[in-house]
Structure formats: structure tokens, C-alpha cells
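Student: Supplied in C-alpha cells, the structure appears directly below.
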Amino acid sequence: MADRPMSRKSKKNNSLTYINRMRSLMLIVYTAIVVTAIMLVSYITAEKTNRVFVQKVNSLTSSLSMQMKLNLEEYIDRMETIATLAFAEELAYTYDATDPDNDEYESINIEKTVTDKLYSLCIMDNFVDYGIVYGNGRTVGKISNGTSTLFGDGLYEELSSMIAGTKSDSIWFTGYGGNYKRIYYVKRVHEHAVLFISFYADELNEVFDNPETLADMSIYLVNQDYNILYAKSGEEVGESLPEDLLSRIENRDAASFMDNEYLVSVNKCNDWYVVCSIPTPLIMGEIRDMKKSIYLIALVAALLAMLACDYLTRQLVKPVRDMVADLDEKAMRDRLTGIFNKLTFEELATNSLANSLKSEKRVLLILDIDDFKQVNDTLGHAGGDRLLEHMGASLRKVFSDDDYLGRIGGDEFAVLMHSVAEYQGNISEYVEEKCSSLMEEFARNDIVRDEKCHVSISIGIAESPKHGKDFDTLYHNGDKALYKAKNSGKNQYCFYDASMEGSETK
């Protein structure tokens with residue numbers, strides 16, 4: 001036989017491979033575009049969120065620092081106002097304990113009156129000290145033992161010298177003698193007297209109360225030497241401001257900025273500085289968590305997009321697959337009879353015989369409709385087509401689904417019987433039984449029974465491997481047997497044997 005073109009199975013596989021390749025390409029391109037878009041949007045969103053978050057925290061910190069400054073100024077103003085209330089008592093600023101002309105009895109009464117007034121004011125804001133100190137060492141009001149011990153006999157001289165070093169008649173200070181637990185206020189009363197108040201630095205807790213959103217923020221109040229006068233933690237009081245913060249705020253009166261280590265804000269209040277700081281990693285930890293959430297959502301969205309794409313491409317490709325499969329099936333089948341066409345049957349039979357084991361038996365039947373031309377001449381081609389359709393139906397009814405059925409010529413058919421491989425009895429008897437059944441089924445047709453047509457079928461039989469191992473040989477020998485059946489009177493079947501060699505084919 002002539003060389004066969006590429007098998008239909010190979011063509012089908014090539015077509016499906018191409019469809020699968022195009023589907024994979026669509027999936028890859030779509031996925032790449034969608035994933036890239038999602039990740040780009042996620043990245044932009046994360047970075048935008050990062051910038052907005054940092055700006056808001058920076059702004060919030062700056063606002064908080066400014067609010068702390070305003071709170072401190074308000075607190076200081078309130079303390080000064082309370083201190084000034086002492087002068088509501090005229091004797092508080094007119095009496096001079098250093099005057100040598102003072103009457104001792106009268107002085108005692110005056111000092112008692114002033115002391116009572118100062119004590120009434122002292123209890124308003126938990127003052128530790130609230131009194132007037134005179135040049136001769138006498139005091140009125142409340143002067144604590146701690147203050148007396150700290151300053152000793154030179155209380156007036158120390159306080160006066162502090163005021164003398166300023167352009168004002170009053171001064172705030174702390175850290176005297178290394179003691180930063182109290183904050184002091186001194187105001188000149190007259191030439192020989194000063195008003196002196198103090199309170200514990202812990203009282204500033206109500207001033208420097210940061211919100212829960214910035215609970216990790218450190219708040220400091222430092223003097224001009226950057227010694228800590230107050231710390232929210234209370235542990236660093238009296239120490240120098242940490243160097244990593246000092247280097248960022250030194251010589252700045254008002255600033256707010258952020259770097260890789262700290263978010264810092266500073267505002268000057270009188271001669272002191274309010275410093276707020278929070279480690280950048282603490283802030284960025286929230287950002288990192290937020291970014292993780294954004295990227296996790298993006299990953300889930302990308303996976304969903306990939307699954308959606310996979311589903312959509314499957315839905316798009318499915319009709320094409322079905323169409324290819326349908327076209328391939330139609331290309332393999334004879335349009336009139338519904339069984340394999342010549343090319344498909346030969347390919348399938350060739351592959352089946354080539355892949356069979358030596359012990360496996362196959363039987364090839366070559367069938368021909370006797371006197372088929374009479375049908376066309378008598379009933380026309382429409383009648384001939386009906387008879388061919390009946391022949392295809394008869395073959396499908398008689399033979400197993402495992403057997404290959406094919407139309408290999410105009411009125412010539414072939415069957416490759418695989419079912420004989422599982423038959424336990426005499427194979428010849430089994431084949432004869434199938435041939436007889438086919439003839440009986442074929443004879444039931446009205447056209448076959450028409451006396452004008454006189455049609456029947458003749459069958460040539462060749463067995464593999466006894467009569468040939470390949471399709472070409474088996475077909476040749478089956479054709480010899482068919483010739484013998486026709487020359488022996490038609491409407492019969494005939495097995496091939498060696499004696500047929502040299503005989504002419506039909």
C-alpha cells in the first residue's frame with residue numbers, strides 16, 4: 001500500500017496541543033497582566049498609605065508637642081496667677097521683716113495674718129512651698145523642711161541671686177543641688193523679700209498626658225542645658241537627654257521630623273523645651289502590618305483572578321475543543337454509513353496489528369455487496385445509499401464495540417475483529433457465526449428482498465498472525481479469500497488458505 005499521510009489521531013493531538021498552548025498562553029498573559037496590575041495597585045496603595053500614615057503621625061506628634069507646650073504655659077500661668085493672689089493681702093507686699101523699727105508684737109500679728117493667707121492659697125494646687133522669704137532669713141507661709149535643708153541658711157541669698165541674673169522680677173527653675181524632684185518659682189516682692197513657691201515635678205503628669213494612640217511616645221521637659229526636668233517615665237529625671245535625641249533637637253526651638261530611628265518634635269516654652277519622641281520602628285511596625293494585610297489581600301485577589309481566568313479560558317476553549325473533536329469525529333467517519341472511512345480504518349487496523357502481541361489473534365473480514373450496480377440501475381443512487389446505510393447499521397448490530405468497522409470502497413467494507421482474542425472456543429466457528437449473523441441481518445432489508453436487485457454479500461476472511469502479521473499482508477490475503485467467495489457463487493464467506501496464491505483478485 002502507498003505511504004499513509006499523518007494519522008488523524010496525530011492531527012487531532014496537534015490541534016488539541018495547539019489549543020492547549022493558546023489557552024496556556026492566554027492564561028499566562030492574563031495572569032501576568034492582572035497580577036501585575038493588582039500588585040502595582042497594592043504597592044501604590046501601600047506606599048500611599050505609608051506616606052499618609054507617616055504624615056498623620058508626624059502631624060499628630062507635632063500637634064501633641066505643641067499642645068504639651070500650650071498646656072505647660074497654661075499651667076505655669078496658673079501657678080504664677082496663684083502666686084500673685086498672695087498680693088491680695090496688702091501686708092504681703094508692704095511688710096518688711098528686715099525693718100529695724102518694727103514692733104515685735106505687731107510683726108508677729110502681721111506675719112500670722114500673711115501666713116494664714118498664704119496657707120489658704122497653698123492648698124489649692126498641692127504646693128510643697130508657698131511663702132515669703134525675707135533678707136534677714138525670716139519666712140512667712142509654708143516653707144518645707146526639705147527646702148530648708150536643701151538651701152540652708154542662704155535661702156534668701158540664693159533666691160535673690162537667681163532673680164538678679166534675669167531681666168525679669170521672677171524666675172522658674174529646678175535641679176538646685178541636683179534635686180529635680182521639685183520645680184520652683186521665685187518672684188520679687190520688694191527690695192528685701194521674695195515670694196517662693198514649689199511643687200513636685202510629678203504634678204506635670206496632668207500637663208503631659210499623651211493620648212492612647214501615641215501611648216508609646218516619650219515626653220520630656222528639659223532645661224537649656226538639656227537636662228531632663230520631667231520625663232513621662234519618671235526614671236531619667238536629672239540626667240542629660242539621650243544623645244540620639246539631643247543630636248536631633250539641639251539648638252532648635254521648634255521642629256518636627258522623622259528619620260529611620262526616631263520621630264521627634266521639640267517646642268520651646270520659656271527657657272525650657274518640650275521634647276516628644278517615638279521610635280520609628282514602632283510606628284513602622286503598624287505600617288508593616290498594614291502592608292502585610294494589603295499584600296495578603298492582593299495575593300488572594302491575584303489567586304482569585306487566576307482561578308477566574310482559568311475558568312473563563314476553559315469555558316472559551318471548551319466550544320473549540322468540542323468543535324475540533326466533532327470535526328475530527330466527522331473526518332474519521334463515513335458520512336453515509338456512520339462507520340470509519342477508508343483512511344481511518346486502515347490507520348487504526350495497522351496500529352492495532354503492529355501493537356498486538358504474538359499470542360493475540362485478530363481476524364480481518366473483507367466484505368463486498370454482490371451486484372450492487374443493479375441497485376443503482378434499478379432504484380437509483382438514492383436506493384444505493386439506503387442499502388449502504390443498512391449495511392453500516394447491520395455491521396454495528398452484529399459486531400462488538402471493540403471491533404473496527406470501516407467502509408473501504410464504494411460497496412466494499414472491512415471488519416477487524418478484536419473480540420476473537422477473548423473467545424475461548426473455536427475461532428473459526430465464532431467467525432462463521434458472526435458472518436452468518438451479518439448475512440441474515442443484511443438480508444432483512446427490503447432492497448435485498450427485491451427480486452429485481454438480487455443483492456447479497458460475500459466475505460473474505462484472513463486470520464492474524466496465521467495469515468499475516470501486518471495489515472497489508474492480511475488485507476491482501478483477505479482480498480484473495482473474498483475473490484474465492486465471489487467466484488464460488490457469491491452470498492457466502494471464505495477463509496484464506498495458501499492454495500489461493502496465484503489466483504486473481506476480484
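We name chains A, B, ... following the order of the C-alpha cells; residues begin at 1 in each chain, and ligands are numbered from 1 as shown.
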From a DSSP pass on the backbone, collect the residues of range 297-397 of chain A flagged as helix (DSSP H, G or I) and hand them back as a PyMOL selection string.
Tutor: chain A and resi 297-332+342-354+372-397
Student: Give me every strand (DSSP E or B) residue in range 434-489 of chain A, going by DSSP on the backbone, as a PyMOL selection string.
Tutor: chain A and resi 456-464
Student: Ranking A:Asp101, A:Asp216, A:Glu412, A:Glu250 by minimum distance to Leu263 in chain A and counting only C-alpha atoms, which one comes first?
Tutor: A:Asp216
Student: List the spatial neighbours of Phe173 in chain A as a CSV table (one decimal) with N, CA and C atoms, in the first residue's frame - criterion: any atom at most 8 Å away, only C-alpha atoms, same-chain residues fewer than 2 positions off excluded.
Tutor:
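Ended up saving to part-v7.csv:
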chain,number,residue,atom,x,y,z
A,171,ILE,N,11.4,84.1,88.3
A,171,ILE,CA,12.1,83.0,87.6
A,171,ILE,C,11.6,81.7,88.0
A,175,GLY,N,16.3,71.6,89.7
A,175,GLY,CA,17.6,71.0,89.7
A,175,GLY,C,18.6,71.6,90.7
A,176,TYR,N,18.1,72.4,91.6
A,176,TYR,CA,19.1,73.1,92.5
A,176,TYR,C,19.7,71.9,93.4
A,183,ILE,N,9.9,71.6,91.3
A,183,ILE,CA,10.0,72.8,90.4
A,183,ILE,C,9.7,74.0,91.2
A,184,TYR,N,10.5,75.1,91.1
A,184,TYR,CA,10.4,76.3,91.9
A,184,TYR,C,10.1,77.5,91.1
A,185,TYR,N,9.4,78.4,91.8
A,185,TYR,CA,9.1,79.7,91.2
A,185,TYR,C,9.4,80.8,92.2
Student: For Asp129 in chain A, which residue among A:Val34, A:Met162, A:Ile297, A:Ile197 is the nearest when counting only C-alpha atoms?
Tutor: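 Looking at the shortest contact to Asp129 in chain A, the residue is A:Ile197.
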Student: Do you know which residues are at most 12 Å from Glu236 in chain A counting only C-alpha atoms, after dropping those on the same chain fewer than 4 positions away, and could you put them as a PyMOL selection string?
Tutor: chain A and resi 180-181+218-222+226-232+240-242
Student: Could you write those residues out with C-alpha atoms, as a short mmCIF file (atom, residue, chain, number, x, y, z; two decimals), in the first residue's frame?
Tutor:
data_model
loop_
_atom_site.label_atom_id
_atom_site.label_comp_id
_atom_site.auth_asym_id
_atom_site.auth_seq_id
_atom_site.Cartn_x
_atom_site.Cartn_y
_atom_site.Cartn_z
CA TYR A 180 14.96 67.60 90.17
CA LYS A 181 12.00 66.31 92.11
CA SER A 218 8.25 59.51 75.35
CA ILE A 219 7.70 63.05 76.65
CA TYR A 220 10.46 65.12 78.23
CA LEU A 221 10.76 68.58 79.71
CA VAL A 222 14.40 69.74 79.56
CA TYR A 226 19.16 69.72 78.06
CA ASN A 227 18.96 68.15 81.46
CA ILE A 228 15.70 66.31 81.97
CA LEU A 229 13.37 68.18 84.33
CA TYR A 230 10.49 65.86 83.75
CA ALA A 231 10.03 62.55 81.96
CA LYS A 232 6.80 60.68 81.44
CA SER A 240 21.02 64.51 80.30
CA LEU A 241 18.71 63.99 77.37
CA PRO A 242 19.79 60.83 75.49
#
Student: Pick from A:Met290, A:Cys269, A:Met26, A:Ile108: nearest to Ile76 in chain A, with only C-alpha atoms counted?
Tutor: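 Ranking A:Met290, A:Cys269, A:Met26, A:Ile108 by distance to Ile76 in chain A, first place goes to A:Cys269.
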Student: Compare A:Asn355, A:Val54, A:Phe340, A:Leu40 by their minimum atom-to-atom distance to Pro281 in chain A, counting only C-alpha atoms, and give me the closest one.
Tutor: A:Val54
Student: Please, what distance in Å, to one decimal, runs between CA of Tyr75 in chain A and CA of Leu204 in chain A?
Tutor: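 Taking CA of Tyr75 in chain A as the start and CA of Leu204 in chain A as the end point, the length is 8.5 Å.
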Student: Quick one: residues within 9 Å of range 85-89 of chain A, only C-alpha atoms, excluding same-chain residues fewer than 5 positions away - as number ranges by chain?
Tutor: A: 80, 113-114, 117-118, 121, 189, 195
Student: Between A:Thr337, A:Gln424, A:Ser233, A:Thr147, single out the one closest to Arg407 in chain A, counting only C-alpha atoms.
Tutor: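 Comparing A:Thr337, A:Gln424, A:Ser233, A:Thr147 against Arg407 in chain A, the winner is A:Thr337.
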Student: Quick one: residues within 7 Å of range 134-139 of chain A, only C-alpha atoms counted, chain neighbours fewer than 6 positions away excluded, as JSON, numbers by chain?
Tutor: {"A": [97, 98, 156, 192, 193, 194]}
Student: May I have the residues from that selection written out with C-alpha atoms, as a PDB file, in the first residue's frame?
Tutor:
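Result written to again_34.pdb:
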ATOM      1  CA  ALA A  97      10.612  91.862 108.253  1.00  0.00           C
ATOM      2  CA  THR A  98      14.087  93.399 107.946  1.00  0.00           C
ATOM      3  CA  TYR A 156      17.158  84.290 100.558  1.00  0.00           C
ATOM      4  CA  HIS A 192      14.157  92.696 100.968  1.00  0.00           C
ATOM      5  CA  ALA A 193      11.663  89.923 100.210  1.00  0.00           C
ATOM      6  CA  VAL A 194      10.857  87.278  97.590  1.00  0.00           C
TER       7      VAL A 194
END
Student: Kindly indicate which residue among A:Gly178, A:Gly406, A:Gly425, A:Gly165 lies nearest to Asp368 in chain A, using only C-alpha atoms for the distances.
Tutor: A:Gly406
Student: Contacts of Lys490 in chain A at 12 Å or less, counting only C-alpha atoms, minus same-chain residues fewer than 4 places along, as a compact mmCIF listing (two decimals) with N, CA and C atoms, in the first residue's frame?
Tutor:
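The file below, around-v7.txt, is the result:
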# COMPACT_ATOMS: atom_id res chain seq x y z
N LEU A 367 -15.51 -7.43 3.03
CA LEU A 367 -16.89 -7.66 2.60
C LEU A 367 -17.18 -6.86 1.34
N ASP A 368 -17.99 -7.44 0.49
CA ASP A 368 -18.38 -6.74 -0.73
C ASP A 368 -19.86 -7.05 -0.99
N ILE A 369 -20.61 -6.01 -1.40
CA ILE A 369 -22.04 -6.21 -1.73
C ILE A 369 -22.10 -6.72 -3.16
N ASP A 370 -22.64 -7.91 -3.30
CA ASP A 370 -22.72 -8.53 -4.62
C ASP A 370 -23.77 -7.82 -5.48
N ASP A 371 -23.39 -7.56 -6.74
CA ASP A 371 -24.30 -6.97 -7.73
C ASP A 371 -24.89 -5.63 -7.25
N MET A 439 -24.99 -11.83 7.43
CA MET A 439 -25.75 -12.09 6.19
C MET A 439 -27.25 -12.10 6.46
N HIS A 454 -31.48 -8.69 -6.59
CA HIS A 454 -30.69 -9.91 -6.38
C HIS A 454 -29.34 -9.62 -5.70
N VAL A 455 -29.33 -8.76 -4.64
CA VAL A 455 -28.06 -8.41 -3.97
C VAL A 455 -27.83 -9.32 -2.78
N SER A 456 -26.55 -9.48 -2.45
CA SER A 456 -26.13 -10.25 -1.28
C SER A 456 -24.74 -9.74 -0.88
N ILE A 457 -24.11 -10.43 0.08
CA ILE A 457 -22.74 -10.02 0.45
C ILE A 457 -21.84 -11.23 0.44
N SER A 458 -20.62 -11.01 0.01
CA SER A 458 -19.57 -12.03 0.04
C SER A 458 -18.49 -11.56 0.99
N ILE A 459 -17.87 -12.52 1.71
CA ILE A 459 -16.91 -12.18 2.76
C ILE A 459 -15.65 -13.01 2.60
N GLY A 460 -14.50 -12.30 2.63
CA GLY A 460 -13.20 -12.98 2.66
C GLY A 460 -12.61 -12.84 4.05
N ALA A 481 -9.38 -14.30 -0.39
CA ALA A 481 -10.49 -15.12 0.08
C ALA A 481 -11.82 -14.57 -0.42
N LEU A 482 -11.95 -13.25 -0.48
CA LEU A 482 -13.17 -12.63 -0.99
C LEU A 482 -13.37 -12.98 -2.46
N TYR A 483 -12.27 -12.99 -3.22
CA TYR A 483 -12.33 -13.35 -4.65
C TYR A 483 -12.84 -14.78 -4.81
N LYS A 484 -12.34 -15.63 -3.93
CA LYS A 484 -12.76 -17.03 -3.97
C LYS A 484 -14.25 -17.16 -3.65
N ALA A 485 -14.73 -16.38 -2.67
CA ALA A 485 -16.15 -16.44 -2.29
C ALA A 485 -17.03 -15.97 -3.43
N LYS A 486 -16.63 -14.93 -4.12
CA LYS A 486 -17.44 -14.42 -5.23
C LYS A 486 -17.45 -15.40 -6.40
N CYS A 494 -15.55 -17.03 2.94
CA CYS A 494 -14.49 -17.98 2.62
C CYS A 494 -13.23 -17.60 3.40
N LYS A 506 -10.62 -9.92 -7.13
CA LYS A 506 -11.89 -9.53 -7.74
C LYS A 506 -11.72 -8.29 -8.59
Student: If you measure from CA of Ile163 in chain A to CA of Lys187 in chain A, what distance in Å do you get, rounded to one decimal?
Tutor: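 Separation of CA of Ile163 in chain A and CA of Lys187 in chain A: 7.6 Å.
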